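Structure data (compact mmCIF, C-alpha atoms) from final_11.txt:
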# COMPACT_ATOMS: atom_id res chain seq x y z
CA MET A 1063 88.38 97.51 100.31
CA SER A 1064 86.27 98.71 103.21
CA VAL A 1065 86.27 97.96 106.91
CA GLY A 1066 83.57 95.36 106.40
CA ASP A 1067 85.75 93.14 104.25
CA ALA A 1068 87.28 89.94 105.55
CA ARG A 1069 90.84 91.26 105.48
CA PRO A 1070 91.56 93.77 108.22
CA LEU A 1071 92.49 97.26 107.11
CA ARG A 1072 96.24 97.59 107.63
CA ILE A 1073 97.64 100.91 108.84
CA VAL A 1074 101.39 101.24 109.22
CA ALA A 1075 102.39 103.60 112.03
CA VAL A 1076 105.77 105.33 112.02
CA CYS A 1077 107.27 107.31 114.89
CA GLY A 1078 109.75 110.07 114.06
CA SER A 1079 111.60 109.72 117.37
CA LEU A 1080 113.91 106.88 118.42
CA ARG A 1081 113.57 107.90 122.09
CA ALA A 1082 112.29 104.97 124.14
CA ALA A 1083 109.93 107.16 126.19
CA SER A 1084 108.77 109.21 123.20
CA LYS A 1085 105.34 110.83 123.54
CA ASN A 1086 104.83 110.25 119.83
CA ARG A 1087 105.52 106.56 120.28
CA ALA A 1088 103.09 106.42 123.22
CA LEU A 1089 100.48 108.08 121.03
CA LEU A 1090 100.91 105.47 118.29
CA GLU A 1091 100.77 102.66 120.85
CA ALA A 1092 97.56 104.19 122.18
CA ALA A 1093 96.26 104.25 118.60
CA GLN A 1094 96.97 100.52 118.41
CA LEU A 1095 94.93 99.97 121.57
CA LEU A 1096 92.06 102.10 120.24
CA ALA A 1097 92.11 100.74 116.68
CA PRO A 1098 88.56 100.50 115.32
CA HIS A 1099 87.12 97.04 114.69
CA GLY A 1100 88.59 95.47 111.57
CA VAL A 1101 91.63 97.75 111.61
CA GLU A 1102 95.14 96.62 112.39
CA ILE A 1103 97.74 99.27 113.28
CA ALA A 1104 101.33 98.02 113.00
CA LEU A 1105 104.10 100.11 114.54
CA ASP A 1106 107.01 99.92 112.11
CA TRP A 1107 110.63 100.77 112.96
CA SER A 1108 112.20 100.42 109.51
CA LEU A 1109 113.40 104.01 109.76
CA ALA A 1110 115.84 103.01 112.53
CA THR A 1111 117.68 100.51 110.34
CA LEU A 1112 117.46 102.14 106.91
CA PRO A 1113 120.82 103.31 105.58
CA HIS A 1114 121.26 106.94 104.62
CA PHE A 1115 119.53 107.62 101.32
CA ASN A 1116 121.87 107.68 98.34
CA PRO A 1117 120.42 108.41 94.88
CA ASP A 1118 123.15 106.24 93.33
CA LEU A 1119 121.50 103.20 94.95
CA ASP A 1120 118.01 104.23 93.85
CA THR A 1121 118.29 103.22 90.21
CA LEU A 1122 115.29 102.76 87.94
CA ASP A 1123 115.60 98.95 87.83
CA GLY A 1124 115.84 98.76 91.64
CA THR A 1125 118.74 96.30 91.55
CA SER A 1126 120.99 98.51 93.68
CA LEU A 1127 118.46 99.13 96.46
CA PRO A 1128 119.69 98.13 99.93
CA PRO A 1129 117.62 95.24 101.36
CA GLU A 1130 116.32 97.50 104.14
CA ALA A 1131 114.93 99.89 101.52
CA VAL A 1132 113.31 97.00 99.63
CA ALA A 1133 111.64 95.83 102.86
CA TRP A 1134 110.51 99.35 103.78
CA ARG A 1135 108.92 99.89 100.36
CA ALA A 1136 107.19 96.51 100.63
CA THR A 1137 105.84 97.50 104.05
CA ILE A 1138 104.36 100.65 102.55
CA ALA A 1139 103.12 98.81 99.47
CA ILE A 1140 100.87 96.49 101.47
CA ALA A 1141 99.63 99.22 103.83
CA ASP A 1142 96.20 100.75 103.33
CA GLY A 1143 97.39 103.90 105.06
CA LEU A 1144 100.42 105.49 106.75
CA LEU A 1145 100.08 107.10 110.17
CA ILE A 1146 102.98 109.31 111.24
CA SER A 1147 103.63 110.84 114.63
CA THR A 1148 106.77 112.85 115.03
CA PRO A 1149 108.42 115.42 117.23
CA GLU A 1150 109.94 118.59 115.84
CA TYR A 1151 113.72 119.09 116.14
CA ALA A 1152 114.89 122.69 115.74
CA HIS A 1153 111.75 123.61 113.79
CA GLY A 1154 112.38 120.73 111.39
CA ILE A 1155 111.47 117.10 110.81
CA PRO A 1156 113.80 114.55 112.43
CA GLY A 1157 116.42 113.51 109.88
CA VAL A 1158 115.73 109.85 110.53
CA LEU A 1159 112.09 110.28 109.43
CA LYS A 1160 112.90 112.35 106.36
CA ASN A 1161 115.51 109.76 105.38
CA ALA A 1162 112.83 107.05 105.40
CA LEU A 1163 110.62 109.25 103.21
CA ASP A 1164 113.57 109.94 100.85
CA TRP A 1165 113.69 106.21 100.13
CA LEU A 1166 110.01 106.33 99.08
CA VAL A 1167 110.23 109.31 96.72
CA SER A 1168 110.80 107.19 93.62
CA SER A 1169 108.64 104.30 94.82
CA THR A 1170 105.60 103.54 92.67
CA ASP A 1171 103.64 102.37 95.73
CA PHE A 1172 103.59 105.62 97.66
CA PRO A 1173 101.61 107.89 95.29
CA GLY A 1174 97.97 107.97 96.35
CA LYS A 1175 98.71 106.36 99.73
CA PRO A 1176 96.51 107.88 102.46
CA VAL A 1177 98.67 109.57 105.12
CA ALA A 1178 97.73 111.17 108.42
CA LEU A 1179 99.88 113.03 110.95
CA LEU A 1180 99.29 112.79 114.68
CA GLY A 1181 100.98 115.53 116.68
CA ALA A 1182 101.75 114.95 120.36
CA SER A 1183 102.67 118.52 121.26
CA ALA A 1184 100.87 121.79 120.67
CA MET A 1185 104.32 123.43 120.54
CA SER A 1186 105.20 121.68 117.26
CA VAL A 1187 103.71 123.81 114.53
CA ILE A 1188 106.47 124.26 111.95
CA ALA A 1189 107.61 120.68 111.24
CA PRO A 1190 104.04 119.46 110.52
CA VAL A 1191 103.69 122.12 107.82
CA GLN A 1192 107.01 121.05 106.26
CA LEU A 1193 106.02 117.40 106.49
CA ARG A 1194 102.67 117.98 104.84
CA GLU A 1195 104.39 119.86 102.00
CA ILE A 1196 106.83 116.95 101.54
CA LEU A 1197 104.11 114.27 101.61
CA VAL A 1198 101.95 116.14 99.12
CA THR A 1199 104.99 116.68 96.87
CA MET A 1200 105.50 112.90 97.01
CA ASN A 1201 101.89 112.52 95.83
CA GLY A 1202 100.73 111.02 99.10
CA ARG A 1203 97.02 111.56 99.83
CA PHE A 1204 97.16 113.75 102.90
CA VAL A 1205 94.09 113.23 105.08
CA SER A 1206 93.61 116.58 106.84
CA GLU A 1207 90.58 115.52 108.86
CA ALA A 1208 92.60 112.73 110.48
CA SER A 1209 95.65 114.88 111.17
CA VAL A 1210 95.29 116.38 114.61
CA THR A 1211 97.42 117.42 117.54
CA ILE A 1212 96.69 115.48 120.70
CA PRO A 1213 98.44 117.30 123.55
CA VAL A 1214 100.02 114.39 125.44
CA PRO A 1215 101.04 115.81 128.83
CA GLY A 1216 104.59 115.63 130.21
CA ALA A 1217 107.40 113.29 129.31
CA GLY A 1218 107.12 109.54 129.80
CA ALA A 1219 103.36 109.43 129.18
CA SER A 1220 102.28 105.87 128.51
CA ALA A 1221 99.87 104.55 125.94
CA ALA A 1222 97.69 103.29 128.78
CA ALA A 1223 97.51 106.79 130.31
CA ILE A 1224 96.45 108.27 126.97
CA VAL A 1225 93.77 105.60 126.54
CA ALA A 1226 92.55 106.20 130.12
CA ASP A 1227 92.21 109.97 129.55
CA PRO A 1228 88.64 110.57 128.27
CA GLU A 1229 89.50 113.71 126.32
CA LEU A 1230 92.73 112.46 124.72
CA SER A 1231 91.29 109.07 123.84
CA ALA A 1232 88.19 110.67 122.30
CA MET A 1233 90.40 112.87 120.11
CA LEU A 1234 92.48 109.87 119.09
CA ARG A 1235 89.43 107.72 118.35
CA GLY A 1236 87.99 110.53 116.25
CA ALA A 1237 91.19 110.89 114.23
CA LEU A 1238 91.38 107.13 113.62
CA GLU A 1239 87.74 106.97 112.54
CA ALA A 1240 88.29 109.89 110.16
CA PHE A 1241 91.36 108.16 108.74
CA VAL A 1242 89.62 104.83 108.27
CA GLY A 1243 86.69 106.63 106.66
CA ALA A 1244 88.99 108.42 104.22
CA ILE A 1245 90.81 105.18 103.37
CA GLY A 1246 87.45 103.52 102.69
CA GLU A 1247 86.44 106.30 100.31
CA SER A 1248 89.63 105.92 98.29
CA GLU A 1249 89.31 102.22 97.59
CA MET B 587 140.83 135.56 114.31
CA SER B 588 141.07 137.23 110.95
CA VAL B 589 142.41 136.12 107.59
CA GLY B 590 145.70 137.88 108.29
CA ASP B 591 146.54 135.63 111.23
CA ALA B 592 149.08 132.82 110.97
CA ARG B 593 146.49 130.05 111.25
CA PRO B 594 144.40 129.60 108.13
CA LEU B 595 140.69 130.19 108.46
CA ARG B 596 139.05 126.79 108.51
CA ILE B 597 135.71 126.34 106.77
CA VAL B 598 134.02 122.96 106.96
CA ALA B 599 131.97 122.14 103.86
CA VAL B 600 129.11 119.66 104.00
CA CYS B 601 127.22 118.25 101.02
CA GLY B 602 123.62 117.14 101.55
CA SER B 603 123.77 114.52 98.79
CA LEU B 604 125.66 111.22 98.88
CA ARG B 605 125.47 110.95 95.07
CA ALA B 606 128.98 110.60 93.62
CA ALA B 607 128.24 112.97 90.72
CA SER B 608 126.32 115.46 92.88
CA LYS B 609 126.22 119.05 91.57
CA ASN B 610 126.32 120.23 95.18
CA ARG B 611 129.49 118.25 95.77
CA ALA B 612 131.04 119.67 92.59
CA LEU B 613 130.17 123.16 93.83
CA LEU B 614 131.90 122.57 97.16
CA GLU B 615 134.95 121.09 95.40
CA ALA B 616 135.02 124.19 93.20
CA ALA B 617 134.85 126.29 96.38
CA GLN B 618 137.93 124.43 97.63
CA LEU B 619 139.76 125.31 94.40
CA LEU B 620 138.70 128.97 94.67
CA ALA B 621 139.31 129.35 98.41
CA PRO B 622 140.66 132.82 99.17
CA HIS B 623 144.24 133.11 100.40
CA GLY B 624 144.56 132.02 104.01
CA VAL B 625 141.34 130.02 103.90
CA GLU B 626 141.16 126.25 104.03
CA ILE B 627 137.92 124.58 102.96
CA ALA B 628 137.61 120.97 104.14
CA LEU B 629 134.92 118.78 102.62
CA ASP B 630 133.55 116.68 105.48
CA TRP B 631 131.54 113.47 105.07
CA SER B 632 130.67 112.79 108.70
CA LEU B 633 126.99 112.84 107.77
CA ALA B 634 127.41 109.62 105.78
CA THR B 635 128.62 107.64 108.81
CA LEU B 636 126.64 109.25 111.65
CA PRO B 637 124.07 106.91 113.18
CA HIS B 638 120.44 107.98 113.26
CA PHE B 639 119.92 110.60 115.95
CA ASN B 640 118.48 109.25 119.17
CA PRO B 641 117.78 111.67 122.04
CA ASP B 642 118.43 108.85 124.53
CA LEU B 643 122.11 108.90 123.46
CA ASP B 644 122.33 112.69 123.65
CA THR B 645 122.54 113.01 127.44
CA LEU B 646 123.73 116.14 129.21
CA ASP B 647 127.03 114.59 130.30
CA GLY B 648 127.75 113.36 126.77
CA THR B 649 128.86 109.91 127.95
CA SER B 650 126.34 108.09 125.74
CA LEU B 651 127.22 109.92 122.52
CA PRO B 652 128.24 107.60 119.67
CA PRO B 653 131.90 108.15 118.67
CA GLU B 654 130.81 109.39 115.24
CA ALA B 655 128.75 112.12 116.91
CA VAL B 656 131.66 113.08 119.17
CA ALA B 657 133.92 113.40 116.10
CA TRP B 658 131.31 115.38 114.15
CA ARG B 659 130.86 117.85 117.00
CA ALA B 660 134.63 118.22 117.30
CA THR B 661 134.84 118.93 113.56
CA ILE B 662 132.29 121.71 113.94
CA ALA B 663 133.91 122.98 117.15
CA ILE B 664 137.23 123.73 115.46
CA ALA B 665 135.62 125.19 112.30
CA ASP B 666 135.46 128.94 111.82
CA GLY B 667 132.45 128.50 109.59
CA LEU B 668 130.13 125.87 108.09
CA LEU B 669 129.39 125.88 104.37
CA ILE B 670 126.44 123.73 103.27
CA SER B 671 125.38 122.81 99.77
CA THR B 672 122.40 120.55 99.42
CA PRO B 673 119.81 119.37 96.96
CA GLU B 674 116.10 119.41 97.76
CA TYR B 675 114.26 116.09 97.99
CA ALA B 676 110.46 116.32 97.66
CA HIS B 677 110.51 119.98 98.77
CA GLY B 678 112.47 119.03 101.89
CA ILE B 679 116.02 118.76 103.18
CA PRO B 680 117.72 115.38 102.65
CA GLY B 681 117.21 113.32 105.80
CA VAL B 682 120.91 112.53 105.97
CA LEU B 683 121.75 116.23 106.30
CA LYS B 684 119.02 116.97 108.85
CA ASN B 685 120.21 113.97 110.86
CA ALA B 686 123.71 115.47 111.08
CA LEU B 687 122.19 118.76 112.25
CA ASP B 688 120.03 116.92 114.81
CA TRP B 689 123.26 115.72 116.45
CA LEU B 690 124.36 119.36 116.80
CA VAL B 691 121.19 120.77 118.35
CA SER B 692 122.37 120.29 121.93
CA SER B 693 126.04 120.98 121.16
CA THR B 694 127.54 124.02 122.87
CA ASP B 695 129.85 124.64 119.91
CA PHE B 696 127.25 125.30 117.25
CA PRO B 697 125.55 128.45 118.60
CA GLY B 698 127.04 131.52 116.97
CA LYS B 699 128.80 129.48 114.28
CA PRO B 700 128.73 131.29 110.91
CA VAL B 701 126.82 129.26 108.33
CA ALA B 702 126.30 129.82 104.61
CA LEU B 703 124.21 127.88 102.10
CA LEU B 704 125.28 127.41 98.50
CA GLY B 705 122.50 126.29 96.21
CA ALA B 706 123.33 124.48 92.97
CA SER B 707 119.89 124.63 91.39
CA ALA B 708 117.52 127.52 90.81
CA MET B 709 114.69 124.98 91.13
CA SER B 710 115.38 124.40 94.83
CA VAL B 711 113.56 127.15 96.65
CA ILE B 712 111.66 125.44 99.47
CA ALA B 713 114.35 123.37 101.23
CA PRO B 714 116.71 126.37 101.61
CA VAL B 715 113.97 128.27 103.47
CA GLN B 716 113.40 125.28 105.78
CA LEU B 717 117.13 124.88 106.31
CA ARG B 718 117.61 128.53 107.17
CA GLU B 719 114.76 128.30 109.70
CA ILE B 720 116.39 125.24 111.28
CA LEU B 721 119.88 126.77 111.41
CA VAL B 722 118.59 129.99 112.96
CA THR B 723 116.54 127.97 115.49
CA MET B 724 119.80 126.19 116.39
CA ASN B 725 121.34 129.64 116.99
CA GLY B 726 123.70 129.37 114.05
CA ARG B 727 124.75 132.74 112.60
CA PHE B 728 123.23 132.58 109.14
CA VAL B 729 125.25 134.66 106.67
CA SER B 730 122.70 135.77 104.08
CA GLU B 731 125.17 137.69 101.92
CA ALA B 732 127.19 134.49 101.40
CA SER B 733 124.18 132.29 100.73
CA VAL B 734 123.54 132.26 97.01
CA THR B 735 122.29 129.94 94.31
CA ILE B 736 124.87 129.16 91.65
CA PRO B 737 123.02 127.48 88.78
CA VAL B 738 125.36 124.59 87.96
CA PRO B 739 124.26 123.32 84.54
CA GLY B 740 123.30 119.69 83.88
CA ALA B 741 124.17 116.57 85.80
CA GLY B 742 127.75 115.45 86.21
CA ALA B 743 129.22 118.97 86.18
CA SER B 744 132.75 118.90 87.54
CA ALA B 745 134.44 121.29 89.93
CA ALA B 746 136.90 122.12 87.15
CA ALA B 747 134.04 123.08 84.80
CA ILE B 748 132.56 125.38 87.45
CA VAL B 749 135.94 127.02 88.06
CA ALA B 750 136.45 127.44 84.30
CA ASP B 751 133.08 129.18 83.84
CA PRO B 752 133.69 132.92 84.30
CA GLU B 753 130.18 133.69 85.54
CA LEU B 754 129.81 130.74 87.92
CA SER B 755 133.30 131.12 89.35
CA ALA B 756 132.76 134.86 89.90
CA MET B 757 129.54 134.13 91.82
CA LEU B 758 131.29 131.49 93.90
CA ARG B 759 134.30 133.72 94.63
CA GLY B 760 131.94 136.50 95.67
CA ALA B 761 130.03 134.22 98.06
CA LEU B 762 133.26 132.92 99.61
CA GLU B 763 134.63 136.44 100.07
CA ALA B 764 131.39 137.52 101.69
CA PHE B 765 131.51 134.49 103.99
CA VAL B 766 135.14 135.08 104.98
CA GLY B 767 134.35 138.75 105.59
CA ALA B 768 131.43 137.86 107.84
CA ILE B 769 133.53 135.32 109.76
CA GLY B 770 136.22 137.96 110.26
CA GLU B 771 133.67 140.41 111.68
CA SER B 772 132.44 137.91 114.23
CA GLU B 773 135.78 137.03 115.78

As structure tokens - that is how I would like this structure written.
Amino acid sequence: MSVGDARPLRIVAVCGSLRAASKNRALLEAAQLLAPHGVEIALDWSLATLPHFNPDLDTLDGTSLPPEAVAWRATIAIADGLLISTPEYAHGIPGVLKNALDWLVSSTDFPGKPVALLGASAMSVIAPVQLREILVTMNGRFVSEASVTIPVPGAGASAAAIVADPELSAMLRGALEAFVGAIGESE
Amino acid sequence: MSVGDARPLRIVAVCGSLRAASKNRALLEAAQLLAPHGVEIALDWSLATLPHFNPDLDTLDGTSLPPEAVAWRATIAIADGLLISTPEYAHGIPGVLKNALDWLVSSTDFPGKPVALLGASAMSVIAPVQLREILVTMNGRFVSEASVTIPVPGAGASAAAIVADPELSAMLRGALEAFVGAIGESE
């Protein structure tokens, strides 16, 4: 489908930090405020309630999947794209985010899914490389042109402050437009 | 302390997979069976019960830490070394393992702790590099000479089968001796 269709384009946004005042969360909330016309961005917190991934529960017939994993896969299945914003912990991806991805590895809905990464700190340069490698290995369609670092200043920055900043909001709008464009091309 | 002291050297072993028939788990159980004299290897499963890391609970005074995180840090605090064996999921570290490490990032007991990685599959080459980067960033003392890949054949290999294999058990003994030697040098 394209943006012009009746159904809005649905982008699921996932934040890699559970911190209430997370800059990455503020960035995704700003993305919701700046969503292009016909695009719905839903901030999803499945990762906070997913159990730890256990391959013994991830059987081929899916009958052993925990209900949280079933719901998380369904959320991804109906999404037109996945937008991730995450901090870096000790030069790595937060475990809570990787755990959510581990539950998608064997999912048939993830391959081909457009994915973009929004960085909130210019200091995070190692985790995004690892994350891209993981997403590509999972056969996600990594959208480079929509994956940018938007240097959100200080701690406790709000979505409203990001939207009000001409430079930051222009970068964010540009990334979202690039993502929506890439999603449109794939469908 | 050194191996000759009255107290046994205590190595905490952590498996990155929750799979019951995990090759990495079998490798760590084999390490327990082959532990050098005066060395105790304890297989710890804190990672399975730790909540998802949340920086808001990881305050400087420690009063908001979940009890599972307090216990996990105490386990690491009294360990002379940390032995990790983990599979690779989608070219990344299992989220459940990274989550356990995330809870240690601000701990004062982890810096300087000797750490070794035992691989169970020659196919896993990307996650170990990421894990080493993370451990070094956390100021762990990575013991390269004890970090080896021991190619455990097939699925469902038992600790007893690893111990009974002359080549695999020799590799494992060598890694453990190198680890114990490095721990002895640091104390």

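Among A:Ser1220, A:Gly1154, A:Asp1164, A:Leu1179, the residue with the shortest atom-to-atom distance to Gln716 (chain B), counting only C-alpha atoms, is A:Gly1154.
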
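Within the 8 Å cut-off around Val729 (chain B), using all atoms listed in the file and omitting residues fewer than 4 positions from it on the same chain, the listed residues are Pro700, Val701, Ala702, Ser733, Phe765 and Ala768 of chain B.
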
Notebook entry, point to check: Please, which residues of chain A lie no more than 8 Å from chain B when the count uses all atoms listed in the file, and can they be set out as JSON, numbers by chain?
Noted result: {"A": [1079, 1080, 1081, 1082, 1110, 1114, 1115, 1116, 1117, 1118, 1151, 1152, 1153, 1154, 1155, 1156, 1157, 1158, 1159, 1160, 1161, 1162, 1164, 1167, 1192, 1195, 1196, 1197, 1199, 1200]}

Report chain A as a compact mmCIF listing (two decimals) with C-alpha atoms, keeping the file's coordinate frame in the frame of chain B, after least-squares superposition over all C-alpha atoms paired in order.
# COMPACT_ATOMS: atom_id res chain seq x y z
CA MET A 1063 140.90 135.70 114.20
CA SER A 1064 141.12 137.30 110.78
CA VAL A 1065 142.43 136.13 107.44
CA GLY A 1066 145.74 137.83 108.12
CA ASP A 1067 146.55 135.63 111.09
CA ALA A 1068 149.08 132.84 110.91
CA ARG A 1069 146.50 130.07 111.24
CA PRO A 1070 144.41 129.58 108.13
CA LEU A 1071 140.70 130.20 108.47
CA ARG A 1072 139.05 126.78 108.52
CA ILE A 1073 135.70 126.33 106.77
CA VAL A 1074 134.03 122.94 106.96
CA ALA A 1075 131.98 122.13 103.86
CA VAL A 1076 129.10 119.65 104.00
CA CYS A 1077 127.22 118.25 101.02
CA GLY A 1078 123.62 117.14 101.54
CA SER A 1079 123.79 114.52 98.78
CA LEU A 1080 125.65 111.20 98.88
CA ARG A 1081 125.48 110.94 95.07
CA ALA A 1082 128.98 110.60 93.63
CA ALA A 1083 128.25 112.98 90.73
CA SER A 1084 126.33 115.47 92.88
CA LYS A 1085 126.23 119.04 91.57
CA ASN A 1086 126.33 120.23 95.17
CA ARG A 1087 129.49 118.25 95.78
CA ALA A 1088 131.05 119.67 92.60
CA LEU A 1089 130.17 123.15 93.84
CA LEU A 1090 131.91 122.56 97.17
CA GLU A 1091 134.95 121.10 95.41
CA ALA A 1092 135.02 124.20 93.22
CA ALA A 1093 134.86 126.29 96.40
CA GLN A 1094 137.94 124.43 97.63
CA LEU A 1095 139.76 125.31 94.41
CA LEU A 1096 138.70 128.96 94.67
CA ALA A 1097 139.31 129.34 98.41
CA PRO A 1098 140.67 132.82 99.17
CA HIS A 1099 144.25 133.11 100.39
CA GLY A 1100 144.58 132.02 104.01
CA VAL A 1101 141.35 130.03 103.91
CA GLU A 1102 141.16 126.26 104.04
CA ILE A 1103 137.91 124.58 102.97
CA ALA A 1104 137.61 120.97 104.15
CA LEU A 1105 134.91 118.78 102.62
CA ASP A 1106 133.55 116.68 105.48
CA TRP A 1107 131.53 113.47 105.06
CA SER A 1108 130.66 112.78 108.70
CA LEU A 1109 126.98 112.84 107.77
CA ALA A 1110 127.42 109.60 105.79
CA THR A 1111 128.61 107.63 108.81
CA LEU A 1112 126.64 109.23 111.64
CA PRO A 1113 124.06 106.91 113.18
CA HIS A 1114 120.43 107.98 113.26
CA PHE A 1115 119.92 110.60 115.95
CA ASN A 1116 118.46 109.23 119.17
CA PRO A 1117 117.77 111.66 122.04
CA ASP A 1118 118.42 108.83 124.52
CA LEU A 1119 122.09 108.89 123.46
CA ASP A 1120 122.31 112.68 123.66
CA THR A 1121 122.50 112.99 127.43
CA LEU A 1122 123.69 116.12 129.21
CA ASP A 1123 127.01 114.58 130.32
CA GLY A 1124 127.74 113.35 126.77
CA THR A 1125 128.84 109.91 127.96
CA SER A 1126 126.33 108.09 125.75
CA LEU A 1127 127.21 109.90 122.52
CA PRO A 1128 128.23 107.59 119.67
CA PRO A 1129 131.89 108.13 118.68
CA GLU A 1130 130.81 109.39 115.24
CA ALA A 1131 128.74 112.11 116.91
CA VAL A 1132 131.66 113.07 119.16
CA ALA A 1133 133.91 113.39 116.10
CA TRP A 1134 131.31 115.37 114.15
CA ARG A 1135 130.85 117.85 117.01
CA ALA A 1136 134.63 118.21 117.31
CA THR A 1137 134.83 118.92 113.57
CA ILE A 1138 132.29 121.70 113.97
CA ALA A 1139 133.91 122.97 117.15
CA ILE A 1140 137.22 123.73 115.45
CA ALA A 1141 135.62 125.19 112.31
CA ASP A 1142 135.47 128.95 111.83
CA GLY A 1143 132.44 128.50 109.59
CA LEU A 1144 130.12 125.87 108.09
CA LEU A 1145 129.37 125.88 104.37
CA ILE A 1146 126.43 123.73 103.29
CA SER A 1147 125.37 122.81 99.78
CA THR A 1148 122.41 120.54 99.42
CA PRO A 1149 119.81 119.37 96.96
CA GLU A 1150 116.12 119.41 97.75
CA TYR A 1151 114.26 116.07 97.98
CA ALA A 1152 110.48 116.33 97.66
CA HIS A 1153 110.52 119.97 98.76
CA GLY A 1154 112.48 119.02 101.87
CA ILE A 1155 116.03 118.76 103.18
CA PRO A 1156 117.72 115.38 102.66
CA GLY A 1157 117.22 113.29 105.79
CA VAL A 1158 120.92 112.51 105.97
CA LEU A 1159 121.74 116.24 106.30
CA LYS A 1160 119.03 116.96 108.85
CA ASN A 1161 120.21 113.96 110.87
CA ALA A 1162 123.71 115.47 111.07
CA LEU A 1163 122.19 118.77 112.24
CA ASP A 1164 120.03 116.91 114.82
CA TRP A 1165 123.24 115.72 116.45
CA LEU A 1166 124.37 119.36 116.81
CA VAL A 1167 121.18 120.75 118.35
CA SER A 1168 122.36 120.29 121.93
CA SER A 1169 126.02 120.97 121.15
CA THR A 1170 127.51 124.01 122.88
CA ASP A 1171 129.85 124.63 119.92
CA PHE A 1172 127.24 125.30 117.26
CA PRO A 1173 125.54 128.45 118.62
CA GLY A 1174 127.05 131.52 116.98
CA LYS A 1175 128.80 129.46 114.28
CA PRO A 1176 128.73 131.30 110.93
CA VAL A 1177 126.82 129.25 108.33
CA ALA A 1178 126.29 129.82 104.63
CA LEU A 1179 124.20 127.87 102.11
CA LEU A 1180 125.28 127.40 98.52
CA GLY A 1181 122.48 126.30 96.21
CA ALA A 1182 123.34 124.49 92.97
CA SER A 1183 119.90 124.64 91.38
CA ALA A 1184 117.52 127.52 90.82
CA MET A 1185 114.69 124.98 91.12
CA SER A 1186 115.38 124.40 94.83
CA VAL A 1187 113.56 127.15 96.65
CA ILE A 1188 111.65 125.44 99.46
CA ALA A 1189 114.34 123.37 101.23
CA PRO A 1190 116.69 126.38 101.62
CA VAL A 1191 113.96 128.27 103.47
CA GLN A 1192 113.39 125.28 105.78
CA LEU A 1193 117.12 124.88 106.31
CA ARG A 1194 117.60 128.53 107.17
CA GLU A 1195 114.75 128.31 109.70
CA ILE A 1196 116.38 125.23 111.28
CA LEU A 1197 119.87 126.77 111.42
CA VAL A 1198 118.58 129.98 112.97
CA THR A 1199 116.54 127.96 115.49
CA MET A 1200 119.79 126.19 116.38
CA ASN A 1201 121.33 129.63 117.00
CA GLY A 1202 123.69 129.36 114.06
CA ARG A 1203 124.75 132.73 112.61
CA PHE A 1204 123.23 132.58 109.15
CA VAL A 1205 125.25 134.65 106.69
CA SER A 1206 122.70 135.78 104.09
CA GLU A 1207 125.17 137.67 101.92
CA ALA A 1208 127.19 134.49 101.41
CA SER A 1209 124.19 132.28 100.73
CA VAL A 1210 123.55 132.26 97.02
CA THR A 1211 122.28 129.95 94.32
CA ILE A 1212 124.86 129.17 91.67
CA PRO A 1213 123.02 127.49 88.79
CA VAL A 1214 125.37 124.61 87.98
CA PRO A 1215 124.27 123.32 84.56
CA GLY A 1216 123.30 119.69 83.89
CA ALA A 1217 124.19 116.57 85.80
CA GLY A 1218 127.78 115.44 86.22
CA ALA A 1219 129.22 118.97 86.21
CA SER A 1220 132.75 118.91 87.56
CA ALA A 1221 134.44 121.29 89.93
CA ALA A 1222 136.91 122.14 87.17
CA ALA A 1223 134.06 123.10 84.81
CA ILE A 1224 132.56 125.40 87.45
CA VAL A 1225 135.94 127.03 88.07
CA ALA A 1226 136.47 127.45 84.30
CA ASP A 1227 133.08 129.18 83.85
CA PRO A 1228 133.70 132.94 84.32
CA GLU A 1229 130.19 133.71 85.54
CA LEU A 1230 129.81 130.75 87.92
CA SER A 1231 133.29 131.13 89.37
CA ALA A 1232 132.77 134.86 89.91
CA MET A 1233 129.55 134.15 91.83
CA LEU A 1234 131.30 131.50 93.90
CA ARG A 1235 134.30 133.72 94.63
CA GLY A 1236 131.94 136.50 95.69
CA ALA A 1237 130.04 134.22 98.06
CA LEU A 1238 133.28 132.93 99.61
CA GLU A 1239 134.64 136.45 100.07
CA ALA A 1240 131.38 137.52 101.70
CA PHE A 1241 131.52 134.51 104.01
CA VAL A 1242 135.13 135.07 104.99
CA GLY A 1243 134.35 138.74 105.59
CA ALA A 1244 131.43 137.87 107.85
CA ILE A 1245 133.53 135.33 109.78
CA GLY A 1246 136.21 137.99 110.28
CA GLU A 1247 133.67 140.44 111.68
CA SER A 1248 132.45 137.91 114.24
CA GLU A 1249 135.81 137.13 115.78

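As for CA of Gly767 (chain B) and CA of Ser632 (chain B), they are spaced 26.4 Å apart.
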
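Across the model, the gap from CA of Phe696 (chain B) to CA of Glu763 (chain B) is 21.8 Å.
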
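Shortest separation to Ser1183 (chain A) among A:Leu1089, A:Thr1137, A:Arg1069, A:Ala1223 occurs at residue A:Leu1089, atoms counted being only C-alpha atoms.
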
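Distances to Val749 (chain B) were evaluated for B:Glu731, B:Ala612, B:Met709, B:Pro714 using all atoms listed in the file, and the minimum falls at B:Ala612.
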
Write out as a CSV table (one decimal) with C-alpha atoms, in the coordinates of the input the residues lying within 6 Å of Arg596 (chain B), counting all atoms listed in the file and excluding same-chain residues fewer than 2 positions away.
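Result file follows (selection_34.csv):
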chain,number,residue,atom,x,y,z
B,626,GLU,CA,141.2,126.2,104.0
B,665,ALA,CA,135.6,125.2,112.3
B,666,ASP,CA,135.5,128.9,111.8
